[in-house]
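Q: Sharing data-v8.txt, compact mmCIF, C-alpha atoms:
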# COMPACT_ATOMS: atom_id res chain seq x y z
CA MET Z 92 16.32 -154.28 -11.58
CA ALA Z 93 14.03 -156.34 -9.35
CA ARG Z 94 15.96 -155.26 -6.26
CA VAL Z 95 15.58 -151.57 -7.13
CA ILE Z 96 11.92 -152.03 -7.92
CA THR Z 97 10.91 -154.17 -4.96
CA GLY Z 98 13.55 -153.40 -2.32
CA ALA Z 99 12.96 -155.66 0.65
CA ASP Z 100 10.13 -158.16 0.49
CA VAL Z 101 6.81 -156.32 0.85
CA ALA Z 102 3.94 -158.09 2.58
CA GLU Z 103 0.55 -156.38 2.95
CA PHE Z 104 1.18 -152.77 2.04
CA HIS Z 105 1.95 -150.46 4.92
CA ARG Z 106 4.40 -147.60 4.92
CA ALA Z 107 5.83 -146.58 8.30
CA ARG Z 108 7.24 -143.08 8.61
CA LYS Z 109 10.77 -142.69 9.91
CA ASP Z 110 13.67 -140.25 9.97
CA HIS Z 111 16.05 -140.23 6.99
CA GLY Z 112 19.54 -138.83 6.47
CA ALA Z 113 19.65 -136.12 3.80
CA ALA Z 114 20.39 -137.40 0.29
CA ILE Z 115 19.06 -134.63 -1.95
CA GLU Z 116 19.43 -130.93 -1.19
CA LEU Z 117 17.79 -128.06 -3.04
CA SER Z 118 19.65 -124.88 -2.19
CA GLY Z 119 18.18 -121.51 -3.17
CA LEU Z 120 16.62 -123.13 -6.22
CA SER Z 121 14.73 -120.71 -8.46
CA PHE Z 122 12.99 -121.81 -11.63
CA SER Z 123 10.38 -120.67 -14.10
CA GLY Z 124 7.28 -120.35 -11.93
CA GLY Z 125 8.79 -120.35 -8.45
CA GLY Z 126 11.57 -120.15 -5.92
CA PRO Z 127 13.82 -119.74 -4.17
CA VAL Z 128 13.31 -123.19 -2.61
CA ASP Z 129 15.45 -124.76 0.10
CA LEU Z 130 14.60 -128.39 0.80
CA ALA Z 131 16.45 -131.51 1.97
CA ILE Z 132 15.07 -134.95 1.06
CA GLY Z 133 16.24 -138.03 2.90
CA HIS Z 134 17.37 -141.42 1.63
CA GLY Z 135 14.20 -143.38 0.91
CA GLU Z 136 11.96 -140.49 1.98
CA ILE Z 137 8.73 -139.56 0.20
CA VAL Z 138 7.94 -135.85 0.32
CA GLY Z 139 4.51 -134.77 -0.89
CA LEU Z 140 4.15 -131.42 -2.64
CA VAL Z 141 0.88 -129.51 -2.24
CA GLY Z 142 -0.26 -126.25 -3.79
CA LEU Z 143 -2.72 -124.77 -6.23
CA LEU Z 144 -2.04 -124.98 -9.95
CA GLY Z 145 0.70 -122.51 -10.80
CA GLU Z 146 1.78 -122.10 -7.17
CA GLY Z 147 5.05 -124.02 -7.56
CA PRO Z 148 4.82 -127.79 -6.95
CA GLN Z 149 4.49 -128.95 -10.54
CA GLU Z 150 6.90 -126.29 -11.75
CA LEU Z 151 9.52 -127.51 -9.27
CA MET Z 152 9.07 -131.10 -10.43
CA ARG Z 153 9.40 -130.16 -14.10
CA ALA Z 154 12.45 -128.01 -13.42
CA LEU Z 155 14.16 -130.88 -11.61
CA GLY Z 156 13.17 -133.16 -14.48
CA GLY Z 157 14.83 -130.84 -16.99
CA LEU Z 158 11.60 -129.60 -18.58
CA LEU Z 159 11.68 -126.04 -17.20
CA PRO Z 160 14.76 -123.83 -16.86
CA ILE Z 161 16.50 -123.47 -13.50
CA GLU Z 162 17.36 -119.81 -12.99
CA ALA Z 163 19.46 -119.92 -9.82
CA GLY Z 164 20.59 -122.16 -6.98
CA ALA Z 165 21.87 -125.72 -6.87
CA VAL Z 166 20.74 -129.33 -6.53
CA LEU Z 167 23.08 -131.57 -4.53
CA ILE Z 168 22.86 -135.36 -4.74
CA ASP Z 169 24.87 -137.03 -1.98
CA GLY Z 170 26.85 -133.80 -1.66
CA ARG Z 171 27.68 -133.41 -5.35
CA GLU Z 172 26.11 -130.72 -7.50
CA ALA Z 173 23.87 -132.11 -10.22
CA ARG Z 174 23.96 -130.72 -13.73
CA LEU Z 175 20.39 -130.08 -14.87
CA GLY Z 176 18.98 -128.36 -17.94
CA SER Z 177 17.40 -131.09 -20.04
CA PRO Z 178 15.62 -134.40 -19.37
CA GLY Z 179 18.77 -136.22 -20.46
CA GLN Z 180 20.96 -134.28 -18.04
CA SER Z 181 18.50 -134.89 -15.20
CA LEU Z 182 18.50 -138.63 -15.91
CA GLY Z 183 22.27 -138.64 -16.13
CA SER Z 184 22.43 -136.95 -12.73
CA GLY Z 185 20.12 -139.54 -11.16
CA ILE Z 186 16.79 -137.71 -11.34
CA ALA Z 187 13.88 -139.51 -13.06
CA TYR Z 188 10.56 -137.79 -13.82
CA LEU Z 189 7.26 -139.68 -14.16
CA THR Z 190 4.95 -137.35 -16.05
CA HIS Z 191 1.23 -137.10 -15.30
CA ASP Z 192 0.62 -137.34 -19.08
CA ARG Z 193 1.88 -140.83 -19.89
CA ILE Z 194 0.37 -140.85 -23.40
CA GLY Z 195 1.44 -137.36 -24.45
CA GLU Z 196 4.87 -137.23 -22.78
CA GLY Z 197 5.84 -140.63 -21.42
CA LEU Z 198 5.11 -143.34 -23.97
CA VAL Z 199 5.29 -143.75 -27.75
CA GLY Z 200 1.98 -145.26 -28.79
CA SER Z 201 3.23 -146.70 -32.08
CA MET Z 202 6.01 -148.66 -30.36
CA SER Z 203 5.84 -152.02 -28.62
CA VAL Z 204 5.87 -152.62 -24.88
CA THR Z 205 9.50 -153.78 -25.09
CA GLU Z 206 10.57 -150.72 -27.09
CA ASN Z 207 8.84 -148.34 -24.68
CA LEU Z 208 10.40 -150.02 -21.67
CA ASN Z 209 13.87 -149.63 -23.19
CA LEU Z 210 13.54 -146.04 -24.41
CA GLY Z 211 15.36 -144.71 -21.36
CA ASN Z 212 18.35 -146.96 -22.00
CA TRP Z 213 19.01 -146.11 -25.65
CA PRO Z 214 21.10 -142.95 -25.12
CA LEU Z 215 23.39 -144.59 -22.57
CA SER Z 216 26.12 -146.00 -24.81
CA LEU Z 217 25.72 -146.68 -28.52
CA GLY Z 218 22.77 -144.49 -29.41
CA TRP Z 219 20.09 -146.60 -31.05
CA LEU Z 220 22.27 -149.73 -31.22
CA VAL Z 221 20.73 -151.73 -28.40
CA SER Z 222 20.85 -155.52 -28.46
CA GLY Z 223 17.55 -157.30 -28.83
CA ALA Z 224 18.66 -159.79 -26.20
CA GLY Z 225 19.25 -156.99 -23.68
CA MET Z 226 15.88 -155.40 -24.45
CA ASN Z 227 14.07 -158.70 -24.06
CA ARG Z 228 15.88 -159.46 -20.80
CA ARG Z 229 14.81 -156.12 -19.33
CA MET Z 230 11.28 -156.78 -20.53
CA ARG Z 231 11.16 -160.17 -18.79
CA GLU Z 232 12.54 -158.71 -15.56
CA ALA Z 233 10.11 -155.80 -15.59
CA ARG Z 234 7.14 -157.97 -16.48
CA GLY Z 235 7.74 -160.13 -13.41
CA ALA Z 236 8.77 -157.42 -10.97
CA MET Z 237 6.11 -154.90 -12.05
CA GLU Z 238 3.36 -157.51 -12.57
CA ILE Z 239 2.64 -156.16 -16.05
CA VAL Z 240 -0.37 -157.88 -17.64
CA MET Z 241 0.10 -158.19 -21.41
CA GLY Z 242 0.21 -160.64 -24.27
CA SER Z 243 3.87 -160.26 -25.24
CA GLY Z 244 6.59 -157.65 -25.41
CA ALA Z 245 5.82 -157.18 -29.10
CA GLN Z 246 2.33 -155.90 -28.29
CA GLU Z 247 1.74 -152.19 -28.94
CA ILE Z 248 1.81 -150.18 -25.72
CA GLY Z 249 -1.52 -148.56 -26.56
CA GLU Z 250 -3.26 -151.94 -26.28
CA LEU Z 251 -2.45 -152.22 -22.56
CA SER Z 252 -4.68 -150.91 -19.79
CA GLY Z 253 -3.81 -147.57 -18.21
CA GLY Z 254 -2.45 -149.28 -15.12
CA ASN Z 255 -0.15 -151.55 -17.11
CA GLN Z 256 1.03 -148.64 -19.26
CA GLN Z 257 1.92 -146.79 -16.07
CA LYS Z 258 3.84 -149.78 -14.74
CA VAL Z 259 5.86 -149.93 -17.97
CA LEU Z 260 6.70 -146.24 -17.62
CA LEU Z 261 7.62 -146.60 -13.94
CA GLY Z 262 9.69 -149.69 -14.69
CA ARG Z 263 11.61 -147.81 -17.37
CA LEU Z 264 12.55 -145.11 -14.88
CA LEU Z 265 13.50 -147.53 -12.11
CA GLU Z 266 15.73 -149.41 -14.54
CA ARG Z 267 17.92 -146.29 -14.49
CA LYS Z 268 18.38 -146.70 -10.72
CA PRO Z 269 17.59 -143.05 -9.92
CA ARG Z 270 18.57 -141.28 -6.71
CA LEU Z 271 15.50 -139.02 -6.90
CA LEU Z 272 12.18 -140.11 -8.39
CA LEU Z 273 9.70 -137.37 -9.34
CA LEU Z 274 6.14 -138.74 -9.38
CA ASP Z 275 3.52 -136.46 -10.92
CA GLU Z 276 0.14 -138.13 -10.34
CA PRO Z 277 1.53 -141.70 -10.51
CA THR Z 278 -1.87 -143.40 -10.32
CA VAL Z 279 -3.98 -141.10 -12.50
CA GLY Z 280 -6.36 -143.04 -14.73
CA VAL Z 281 -5.64 -146.50 -13.29
CA ASP Z 282 -7.96 -148.96 -11.58
CA VAL Z 283 -7.94 -149.79 -7.87
CA ALA Z 284 -5.83 -152.95 -8.24
CA ALA Z 285 -3.18 -151.19 -10.35
CA LYS Z 286 -3.12 -148.30 -7.89
CA GLU Z 287 -2.36 -150.70 -5.03
CA GLN Z 288 0.41 -152.35 -7.06
CA ILE Z 289 1.97 -148.99 -7.95
CA HIS Z 290 1.92 -147.96 -4.29
CA ARG Z 291 3.78 -151.14 -3.38
CA LEU Z 292 6.35 -150.50 -6.11
CA ILE Z 293 6.94 -146.95 -4.90
CA ASP Z 294 7.33 -148.21 -1.34
CA GLY Z 295 9.76 -150.87 -2.54
CA ALA Z 296 11.84 -148.29 -4.38
CA THR Z 297 12.19 -146.23 -1.20
CA LYS Z 298 13.34 -149.33 0.68
CA ALA Z 299 16.12 -149.55 -1.90
CA GLY Z 300 17.11 -145.97 -0.97
CA VAL Z 301 15.36 -143.98 -3.71
CA SER Z 302 14.14 -140.54 -2.59
CA VAL Z 303 10.76 -139.39 -3.92
CA LEU Z 304 8.90 -136.17 -4.57
CA LEU Z 305 5.17 -136.84 -5.01
CA LEU Z 306 2.30 -134.88 -6.52
CA ALA Z 307 -1.15 -136.44 -5.99
CA GLN Z 308 -4.56 -134.80 -6.15
CA ASP Z 309 -6.03 -137.49 -3.89
CA PRO Z 310 -5.39 -136.47 -0.24
CA GLU Z 311 -5.88 -140.07 0.91
CA GLU Z 312 -3.21 -141.31 -1.49
CA MET Z 313 -0.77 -138.68 -0.30
CA GLN Z 314 -1.51 -139.32 3.37
CA ARG Z 315 -0.91 -143.02 2.83
CA LEU Z 316 2.46 -142.65 1.13
CA VAL Z 317 4.38 -139.62 2.37
CA ASP Z 318 6.78 -138.94 5.23
CA ARG Z 319 6.35 -135.17 4.97
CA VAL Z 320 4.11 -132.70 3.15
CA VAL Z 321 5.55 -129.47 1.77
CA ILE Z 322 2.94 -126.78 1.12
CA PHE Z 323 3.63 -124.16 -1.54
CA SER Z 324 2.23 -120.67 -1.94
CA LYS Z 325 3.25 -118.19 -4.63
CA GLY Z 326 6.11 -120.38 -5.78
CA ARG Z 327 7.73 -120.82 -2.35
CA ILE Z 328 7.51 -123.21 0.56
CA ALA Z 329 4.95 -121.83 3.01
CA ARG Z 330 4.97 -124.59 5.63
CA MET Z 331 5.35 -128.33 6.22
CA LEU Z 332 3.31 -131.12 7.77
CA ARG Z 333 5.06 -133.88 9.71
CA GLY Z 334 4.06 -136.98 11.63
CA ALA Z 335 0.58 -136.78 13.14
CA GLU Z 336 -0.04 -133.49 11.29
CA ILE Z 337 -0.31 -135.44 8.02
CA THR Z 338 -4.05 -136.09 7.84
CA ILE Z 339 -6.42 -136.24 4.89
CA ASP Z 340 -8.23 -133.12 6.15
CA ALA Z 341 -5.00 -131.16 6.63
CA ILE Z 342 -3.81 -132.02 3.12
CA ALA Z 343 -7.17 -131.11 1.59
CA GLU Z 344 -7.27 -127.80 3.49
CA ALA Z 345 -3.71 -126.95 2.45
CA ARG Z 346 -4.55 -127.60 -1.19
CA ALA Z 347 -7.56 -125.29 -1.04
CA ALA Z 348 -5.87 -122.45 0.87
CA ARG Z 349 -3.87 -119.60 -0.58
Represent the structure contained in this file as structure tokens.

A:
Amino acid sequence: MARVITGADVAEFHRARKDHGAAIELSGLSFSGGGPVDLAIGHGEIVGLVGLLGEGPQELMRALGGLLPIEAGAVLIDGREARLGSPGQSLGSGIAYLTHDRIGEGLVGSMSVTENLNLGNWPLSLGWLVSGAGMNRRMREARGAMEIVMGSGAQEIGELSGGNQQKVLLGRLLERKPRLLLLDEPTVGVDVAAKEQIHRLIDGATKAGVSVLLLAQDPEEMQRLVDRVVIFSKGRIARMLRGAEITIDAIAEARAAR
């Protein structure tokens, strides 16, 4: 898991933009709240999605994550059509969704840190029959790789800071070794230090080949992370920003415009 999470060794955080071969293709994708959308996402590429609430970006993310119905079109992962329709099917196809609402949708507050980290692995083979040794091993790996600050794996998840809760949730998704990672406000409600750590983890995942779609209200955060910006209007892609076009002002203006 550490290799997927950290990729190559990361020194002081800096993300250089580069060209990527297509890994994920959305072809004529229509969903509740938008479409049709045609978009190719490269290996290890981060594509930022921008648009007003209800204009398509979040709806696209939730449709890909299996939380909204897909009405038409196809999603190809390395040339093979993915079967989507539920969160479980999305995960099984290699698509992992990090919700913006980690408490309401992502974590189970009454469970321990170890149990929450392993939630994504329980349906894989024997239902709820997961070995304690395997759960504890994953917890140790994640704690080191994600720099999770906690007392022990038996601690309730609700006792951790927001940043450490988010790292548990992100670690759980990366344990599945996704091909496409959907990040809906990945640093909402975390402190500056945790935000920096999460940025490094996202960058490390892309160096391991994971493709990313990113939603972030902070234009500076998006400008720092993405390779491209896709701007939505009325449920469809209106235009894109590339290279030197990706500035904080351009992202902020695109978010405000209809």

Q: Please identify all polymer residues within 12 Å of Leu155 in chain Z, counting all atoms listed in the file, omitting same-chain residues fewer than 3 positions from it, and present them as a PyMOL selection string.

A: chain Z and resi 115-117+120-123+128+148-152+158-162+164-168+173-182+184-189+271-274+303-304

Q: In Å, with one decimal, what is the gap from CA of Asp282 in chain Z to CA of Asn255 in chain Z?

A: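 Straight-line distance from CA of Asp282 in chain Z to CA of Asn255 in chain Z works out to 9.9 Å.
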
Q: For Gln256 in chain Z, please output as a VMD selection string all residues within 8 Å (counting only C-alpha atoms; exclusion window: fewer than 6 positions along the same chain).

A: chain Z and resid 193 248 to 249

Q: Hey, what's within 9 Å of range 134-146 of chain Z if we count all atoms listed in the file and toss same-chain stuff fewer than 4 positions away? As an mmCIF file with C-alpha atoms, in the frame of the given file, please?

A:
data_model
loop_
_atom_site.group_PDB
_atom_site.id
_atom_site.type_symbol
_atom_site.label_atom_id
_atom_site.label_comp_id
_atom_site.auth_asym_id
_atom_site.auth_seq_id
_atom_site.Cartn_x
_atom_site.Cartn_y
_atom_site.Cartn_z
ATOM 1 C CA ARG Z 108 7.240 -143.080 8.610
ATOM 2 C CA LYS Z 109 10.770 -142.690 9.910
ATOM 3 C CA ASP Z 110 13.670 -140.250 9.970
ATOM 4 C CA HIS Z 111 16.050 -140.230 6.990
ATOM 5 C CA GLY Z 112 19.540 -138.830 6.470
ATOM 6 C CA ALA Z 113 19.650 -136.120 3.800
ATOM 7 C CA ALA Z 114 20.390 -137.400 0.290
ATOM 8 C CA ILE Z 115 19.060 -134.630 -1.950
ATOM 9 C CA GLY Z 124 7.280 -120.350 -11.930
ATOM 10 C CA GLY Z 125 8.790 -120.350 -8.450
ATOM 11 C CA GLU Z 150 6.900 -126.290 -11.750
ATOM 12 C CA ARG Z 270 18.570 -141.280 -6.710
ATOM 13 C CA ASP Z 294 7.330 -148.210 -1.340
ATOM 14 C CA ALA Z 296 11.840 -148.290 -4.380
ATOM 15 C CA THR Z 297 12.190 -146.230 -1.200
ATOM 16 C CA LYS Z 298 13.340 -149.330 0.680
ATOM 17 C CA ALA Z 299 16.120 -149.550 -1.900
ATOM 18 C CA GLY Z 300 17.110 -145.970 -0.970
ATOM 19 C CA VAL Z 301 15.360 -143.980 -3.710
ATOM 20 C CA SER Z 302 14.140 -140.540 -2.590
ATOM 21 C CA VAL Z 303 10.760 -139.390 -3.920
ATOM 22 C CA LEU Z 304 8.900 -136.170 -4.570
ATOM 23 C CA LEU Z 305 5.170 -136.840 -5.010
ATOM 24 C CA LEU Z 306 2.300 -134.880 -6.520
ATOM 25 C CA ALA Z 307 -1.150 -136.440 -5.990
ATOM 26 C CA GLN Z 308 -4.560 -134.800 -6.150
ATOM 27 C CA MET Z 313 -0.770 -138.680 -0.300
ATOM 28 C CA GLN Z 314 -1.510 -139.320 3.370
ATOM 29 C CA LEU Z 316 2.460 -142.650 1.130
ATOM 30 C CA VAL Z 317 4.380 -139.620 2.370
ATOM 31 C CA ASP Z 318 6.780 -138.940 5.230
ATOM 32 C CA ARG Z 319 6.350 -135.170 4.970
ATOM 33 C CA VAL Z 320 4.110 -132.700 3.150
ATOM 34 C CA VAL Z 321 5.550 -129.470 1.770
ATOM 35 C CA ILE Z 322 2.940 -126.780 1.120
ATOM 36 C CA PHE Z 323 3.630 -124.160 -1.540
ATOM 37 C CA SER Z 324 2.230 -120.670 -1.940
ATOM 38 C CA LYS Z 325 3.250 -118.190 -4.630
ATOM 39 C CA GLY Z 326 6.110 -120.380 -5.780
ATOM 40 C CA ARG Z 327 7.730 -120.820 -2.350
ATOM 41 C CA ILE Z 342 -3.810 -132.020 3.120
ATOM 42 C CA ALA Z 345 -3.710 -126.950 2.450
ATOM 43 C CA ARG Z 346 -4.550 -127.600 -1.190
ATOM 44 C CA ALA Z 347 -7.560 -125.290 -1.040
ATOM 45 C CA ALA Z 348 -5.870 -122.450 0.870
ATOM 46 C CA ARG Z 349 -3.870 -119.600 -0.580
#

Q: One decimal, in Å: what's the spacing between CA of Ser118 in chain Z and CA of Glu266 in chain Z?

A: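 It comes out at 27.7 Å.
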
Q: What is the distance, in Å and to one decimal place, between CA of Gly254 in chain Z and CA of Val281 in chain Z?

A: 4.6 Å

Q: Of the candidates Z:Ser252, Z:Ala329, Z:Ile339, Z:Thr205, which one gets nearest to Pro127 in chain Z if we count only C-alpha atoms?

A: Z:Ala329

Q: For Pro277 in chain Z, which residue among Z:Ala233, Z:Leu198, Z:Arg315, Z:Thr190 is the nearest when counting all atoms listed in the file?

A: Z:Thr190

Q: May I have the residues within 9 Å of His290 in chain Z as a list in words, using all atoms listed in the file and disregarding those fewer than 5 positions away in the same chain?

A: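 Once the nearby chain positions are removed, what remains is Phe104, Pro277, Thr278, Ala285, Gly295, Glu312 and Leu316 of chain Z.
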
Q: Could you dump the residues just selected with C-alpha atoms as a PDB file, keeping the file's coordinate frame?

A:
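Resulting contents of part-v7.pdb:
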ATOM      1  CA  PHE Z 104       1.180-152.770   2.040  1.00  0.00           C
ATOM      2  CA  PRO Z 277       1.530-141.700 -10.510  1.00  0.00           C
ATOM      3  CA  THR Z 278      -1.870-143.400 -10.320  1.00  0.00           C
ATOM      4  CA  ALA Z 285      -3.180-151.190 -10.350  1.00  0.00           C
ATOM      5  CA  GLY Z 295       9.760-150.870  -2.540  1.00  0.00           C
ATOM      6  CA  GLU Z 312      -3.210-141.310  -1.490  1.00  0.00           C
ATOM      7  CA  LEU Z 316       2.460-142.650   1.130  1.00  0.00           C
TER       8      LEU Z 316
END

Q: Fewer than 5 positions away in the same chain doesn't count, so skip those; otherwise give me all residues within 10 Å of Lys258 in chain Z, counting all atoms listed in the file, as a ChimeraX atom specification.

A: /Z:208,233-234,236-240,252-253,263-264,277-278,285-286,288-289,292

Q: Output C-alpha atoms for every residue in that selection, as a compact mmCIF listing (two decimals), keeping the file's coordinate frame.

A:
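What ended up in selection.txt:
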# COMPACT_ATOMS: atom_id res chain seq x y z
CA LEU Z 208 10.40 -150.02 -21.67
CA ALA Z 233 10.11 -155.80 -15.59
CA ARG Z 234 7.14 -157.97 -16.48
CA ALA Z 236 8.77 -157.42 -10.97
CA MET Z 237 6.11 -154.90 -12.05
CA GLU Z 238 3.36 -157.51 -12.57
CA ILE Z 239 2.64 -156.16 -16.05
CA VAL Z 240 -0.37 -157.88 -17.64
CA SER Z 252 -4.68 -150.91 -19.79
CA GLY Z 253 -3.81 -147.57 -18.21
CA ARG Z 263 11.61 -147.81 -17.37
CA LEU Z 264 12.55 -145.11 -14.88
CA PRO Z 277 1.53 -141.70 -10.51
CA THR Z 278 -1.87 -143.40 -10.32
CA ALA Z 285 -3.18 -151.19 -10.35
CA LYS Z 286 -3.12 -148.30 -7.89
CA GLN Z 288 0.41 -152.35 -7.06
CA ILE Z 289 1.97 -148.99 -7.95
CA LEU Z 292 6.35 -150.50 -6.11

Q: Pick from Z:Val204, Z:Val259, Z:Leu130, Z:Gly170: nearest to Gly242 in chain Z, with only C-alpha atoms counted?

A: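 Among the listed residues, the smallest separation from Gly242 in chain Z belongs to Z:Val204.
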
Q: So, counting all atoms listed in the file, which residue among Z:Gly223, Z:Gly200, Z:Gly126, Z:Ala163 is closest to Gly147 in chain Z?

A: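 Using all atoms listed in the file, Gly147 in chain Z sits closest to Z:Gly126.
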
Q: Residues within 10 Å of (10.6, -151.5, -27.0), file coordinates, counting only C-alpha atoms: what are they? Give the list as a ChimeraX atom specification.

A: /Z:199,202-210,223,226-227,229-230,244-248

Q: Once you add 5 Å to each side, what are the centre and edge lengths of the axis-aligned box holding all listed atoms of range 121-133 of chain Z? One decimal in Å, as AutoDock Vina command-line options, if you can.

A:
--center_x 11.9 --center_y -128.9 --center_z -5.6 --size_x 19.2 --size_y 28.3 --size_z 27.0
